[in-house]
$ cat final32.tsv   # TSV, C-alpha atoms
chain	number	residue	atom	x	y	z
P	92	MET	CA	-24.34	-22.91	3.00
P	93	ASN	CA	-21.00	-21.69	1.67
P	94	HIS	CA	-19.40	-19.06	3.96
P	95	ARG	CA	-18.79	-16.74	1.01
P	96	TYR	CA	-22.47	-16.66	0.03
P	97	PHE	CA	-23.49	-16.22	3.65
P	98	LEU	CA	-21.15	-13.24	3.97
P	99	TYR	CA	-22.55	-11.75	0.75
P	100	LEU	CA	-26.05	-12.22	2.15
P	101	VAL	CA	-25.09	-10.51	5.42
P	102	LEU	CA	-23.39	-7.71	3.46
P	103	ALA	CA	-26.50	-7.21	1.30
P	104	PHE	CA	-28.70	-7.18	4.39
P	105	GLN	CA	-26.39	-4.68	6.04
P	106	ALA	CA	-26.45	-2.46	2.95
P	107	PHE	CA	-30.24	-2.59	2.90
P	108	SER	CA	-30.30	-1.74	6.60
P	109	ALA	CA	-28.00	1.23	6.16
P	110	PHE	CA	-30.03	2.43	3.16
P	111	PHE	CA	-33.25	2.11	5.16
P	112	PHE	CA	-31.91	4.20	8.05
P	113	VAL	CA	-30.45	6.87	5.79
P	114	PHE	CA	-33.65	7.05	3.73
P	115	ASP	CA	-35.77	7.11	6.90
P	116	ILE	CA	-33.82	10.14	8.13
P	117	LEU	CA	-33.41	12.03	4.83
P	118	ALA	CA	-36.87	11.52	3.33
P	119	PRO	CA	-38.70	13.92	5.65
P	120	VAL	CA	-35.79	16.40	5.66
P	121	LEU	CA	-35.68	16.53	1.85
P	122	GLY	CA	-39.45	16.37	1.53
P	123	LEU	CA	-39.36	13.17	-0.50
P	124	PRO	CA	-42.78	11.68	-1.04
P	125	PHE	CA	-43.09	8.12	0.16
P	126	ALA	CA	-45.90	6.00	1.39
P	127	THR	CA	-46.07	6.11	5.15
P	128	LEU	CA	-45.74	2.70	6.66
P	129	ASN	CA	-47.87	1.25	9.38
P	130	TRP	CA	-46.21	2.15	12.69
P	131	THR	CA	-45.85	-1.50	13.77
P	132	PHE	CA	-44.41	-2.55	10.41
P	133	HIS	CA	-42.03	0.43	10.48
P	134	GLU	CA	-40.74	-0.61	13.93
P	135	ILE	CA	-40.26	-4.22	12.78
P	136	VAL	CA	-38.27	-3.01	9.78
P	137	GLU	CA	-36.15	-0.76	12.03
P	138	ILE	CA	-35.44	-3.66	14.40
P	139	ALA	CA	-34.53	-5.91	11.46
P	140	ALA	CA	-32.30	-3.17	10.04
P	141	ALA	CA	-30.55	-2.75	13.40
P	142	VAL	CA	-30.07	-6.52	13.63
P	143	GLY	CA	-28.64	-6.43	10.10
P	144	LEU	CA	-26.14	-3.74	11.02
P	145	ILE	CA	-25.11	-5.56	14.20
P	146	THR	CA	-24.81	-8.86	12.32
P	147	GLY	CA	-22.64	-7.18	9.69
P	148	PHE	CA	-20.46	-5.69	12.40
P	149	VAL	CA	-20.02	-9.06	14.10
P	150	PHE	CA	-19.26	-10.95	10.89
P	151	GLY	CA	-16.97	-8.15	9.72
P	152	GLY	CA	-15.01	-8.51	12.95
P	153	LEU	CA	-14.83	-12.28	12.52
P	154	ALA	CA	-13.69	-11.90	8.91
P	155	LEU	CA	-11.00	-9.43	10.02
P	156	LYS	CA	-9.84	-11.83	12.72
P	157	ARG	CA	-9.67	-14.70	10.21
P	158	ALA	CA	-7.76	-12.52	7.73
P	159	ARG	CA	-5.24	-11.59	10.41
P	160	GLU	CA	-4.80	-15.25	11.37
P	161	ARG	CA	-4.24	-16.20	7.72
P	162	SER	CA	-1.76	-13.37	7.30
P	163	ALA	CA	0.16	-14.48	10.39
P	164	ALA	CA	0.20	-18.08	9.12
P	165	ALA	CA	1.44	-16.93	5.70
P	166	GLU	CA	4.18	-14.83	7.32
P	167	GLU	CA	5.25	-17.81	9.43
P	168	ALA	CA	5.32	-20.07	6.36
P	169	LEU	CA	7.42	-17.48	4.53
P	170	ARG	CA	9.80	-17.23	7.50
P	171	ILE	CA	10.17	-21.02	7.53
P	172	ALA	CA	10.74	-21.10	3.76
P	173	GLN	CA	13.37	-18.37	4.01
P	174	SER	CA	15.06	-20.27	6.81
P	175	ALA	CA	14.98	-23.48	4.78
P	176	PHE	CA	16.45	-21.70	1.76
P	177	GLY	CA	19.17	-20.24	3.99
P	178	ASP	CA	19.92	-23.74	5.28
P	179	VAL	CA	20.19	-25.04	1.71
P	180	LEU	CA	22.55	-22.20	0.81
P	181	ARG	CA	24.80	-22.73	3.83
P	182	GLU	CA	24.88	-26.50	3.28
P	183	ARG	CA	25.87	-26.09	-0.37
P	184	PHE	CA	28.48	-23.44	0.42
P	185	LYS	CA	30.00	-25.73	3.04
P	186	ARG	CA	29.96	-28.72	0.66
P	187	TRP	CA	31.71	-26.64	-2.01
P	188	ASP	CA	34.24	-25.47	0.58
P	189	LEU	CA	33.67	-21.77	-0.17
P	190	THR	CA	35.67	-19.26	1.82
P	191	PRO	CA	33.64	-16.77	3.87
P	192	ALA	CA	34.32	-14.10	1.22
P	193	GLU	CA	33.23	-16.45	-1.58
P	194	ALA	CA	30.09	-17.39	0.34
P	195	ASP	CA	29.30	-13.69	0.76
P	196	VAL	CA	29.84	-13.04	-2.96
P	197	ALA	CA	27.79	-16.12	-3.87
P	198	MET	CA	24.93	-14.86	-1.70
P	199	PHE	CA	24.98	-11.47	-3.44
P	200	ALA	CA	25.14	-13.16	-6.85
P	201	ILE	CA	22.17	-15.37	-6.03
P	202	LYS	CA	20.26	-12.28	-4.89
P	203	GLY	CA	20.87	-10.80	-8.34
P	204	PHE	CA	23.46	-8.13	-7.60
P	205	SER	CA	25.77	-7.20	-10.46
P	206	ILE	CA	29.56	-7.52	-10.22
P	207	PRO	CA	30.00	-3.73	-9.81
P	208	ASP	CA	27.32	-3.70	-7.10
P	209	ILE	CA	28.95	-6.59	-5.24
P	210	ALA	CA	32.35	-4.92	-5.49
P	211	ASN	CA	30.91	-1.69	-4.13
P	212	LEU	CA	29.12	-3.47	-1.27
P	213	ARG	CA	32.20	-5.47	-0.32
P	214	GLY	CA	34.62	-2.57	-0.81
P	215	VAL	CA	36.85	-4.47	-3.23
P	216	SER	CA	37.67	-4.22	-6.92
P	217	GLU	CA	35.51	-5.70	-9.66
P	218	GLY	CA	38.46	-7.91	-10.60
P	219	THR	CA	38.42	-9.47	-7.14
P	220	ILE	CA	34.70	-10.18	-7.44
P	221	LYS	CA	35.18	-11.69	-10.92
P	222	ALA	CA	37.93	-13.95	-9.56
P	223	GLN	CA	35.74	-14.98	-6.61
P	224	THR	CA	32.71	-15.69	-8.81
P	225	ALA	CA	34.92	-17.78	-11.12
P	226	ALA	CA	36.10	-19.77	-8.10
P	227	ILE	CA	32.51	-20.20	-6.89
P	228	TYR	CA	31.35	-21.45	-10.30
P	229	ARG	CA	34.32	-23.84	-10.52
P	230	LYS	CA	33.72	-25.23	-7.01
P	231	ALA	CA	29.98	-25.58	-7.72
P	232	GLY	CA	30.62	-27.27	-11.06
P	233	VAL	CA	28.65	-24.72	-13.07
P	234	SER	CA	29.53	-22.28	-15.83
P	235	GLY	CA	27.72	-19.18	-14.60
P	236	ARG	CA	25.10	-17.52	-12.48
P	237	PRO	CA	22.03	-19.05	-14.20
P	238	GLN	CA	23.30	-22.58	-13.56
P	239	LEU	CA	24.19	-21.64	-9.98
P	240	LEU	CA	20.65	-20.40	-9.40
P	241	SER	CA	19.17	-23.51	-10.99
P	242	LEU	CA	21.00	-25.70	-8.45
P	243	PHE	CA	19.16	-23.98	-5.60
P	244	ILE	CA	15.84	-23.92	-7.41
P	245	ASP	CA	16.17	-27.65	-8.06
P	246	ASP	CA	16.92	-28.22	-4.36
P	247	LEU	CA	13.84	-26.26	-3.32
P	248	ILE	CA	11.60	-28.05	-5.80
P	249	GLU	CA	12.89	-31.45	-4.69
P	250	ASN	CA	12.37	-30.54	-0.99
P	251	GLU	CA	8.85	-29.31	-1.75
P	252	ASN	CA	7.93	-32.58	-3.45
P	253	ASP	CA	9.27	-34.72	-0.58

$ encode --input "final32.tsv" --output "structure tokens"
Amino acid sequence: MNHRYFLYLVLAFQAFSAFFFVFDILAPVLGLPFATLNWTFHEIVEIAAAVGLITGFVFGGLALKRARERSAAAEEALRIAQSAFGDVLRERFKRWDLTPAEADVAMFAIKGFSIPDIANLRGVSEGTIKAQTAAIYRKAGVSGRPQLLSLFIDDLIENEND
């Protein structure tokens, strides 16, 4: 049986169990008319309802554990991907013989910062940033930021398909 359907079945059973217990407590308090059940049958239903609640608790805990494991695995994969992208960036910057300042500017440009933002972050004039971005584009053999970004996207896609 598919795990998803089994979990839905356990959830439905747990909901029924909770409803049974709440109804069993509230019916006499609110004076709701209901057919009294045979004492033995009533006890069997209570035991089944308790088992349903316990089963739901156990499977809920297992589902939470599995979700945490998947989250940790996804975070690790993201960390590895970020590291790989950083490696690609550093390798390209080295191949293009970018200065440390140009590499810094290139990183900000790839992240999407505007020229005024980069100038503000680096504490230099916008003219300096424009000159550095022009040098970066020339060394990379591209005409602007979109082409610069496409170089890295192409690298990532090629590495993913390997």

$ closest_residue --input "final32.tsv" --among "P:Lys230, P:Arg183, P:Lys202, P:Arg170" --to "Leu242 (chain P)" --atoms "only C-alpha atoms"
P:Arg183

$ closest_residue --input "final32.tsv" --among "P:Trp187, P:Leu239, P:Phe107, P:Ile220" --to "Gly147 (chain P)" --atoms "all atoms listed in the file"
P:Phe107

$ closest_residue --input "final32.tsv" --among "P:Glu167, P:Asn211, P:Ile227, P:Ala154" --to "Lys185 (chain P)" --atoms "only C-alpha atoms"
P:Ile227

$ residues_around --input "final32.tsv" --residues "Ala197 (chain P)" --least-positions-apart "5" --cutoff "12 Å" --atoms "only C-alpha atoms" --output "ChimeraX atom specification"
/P:180-181,183-184,187,189-192,202-206,209,220-228,230-231,235-236,239-240,243

$ axis_aligned_box --input "final32.tsv" --around "region 97-107 of chain P" --padding-each-side "8 Å" --output "AutoDock Vina command-line options"
--center_x -25.7 --center_y -9.3 --center_z 3.4 --size_x 25.1 --size_y 29.8 --size_z 21.3

$ closest_residue --input "final32.tsv" --among "P:Val149, P:Ala200, P:Leu144, P:Val215" --to "Ala103 (chain P)" --atoms "only C-alpha atoms"
P:Leu144

$ closest_residue --input "final32.tsv" --among "P:Ala168, P:Phe148, P:Gly177, P:Glu182" --to "Ala106 (chain P)" --atoms "only C-alpha atoms"
P:Phe148
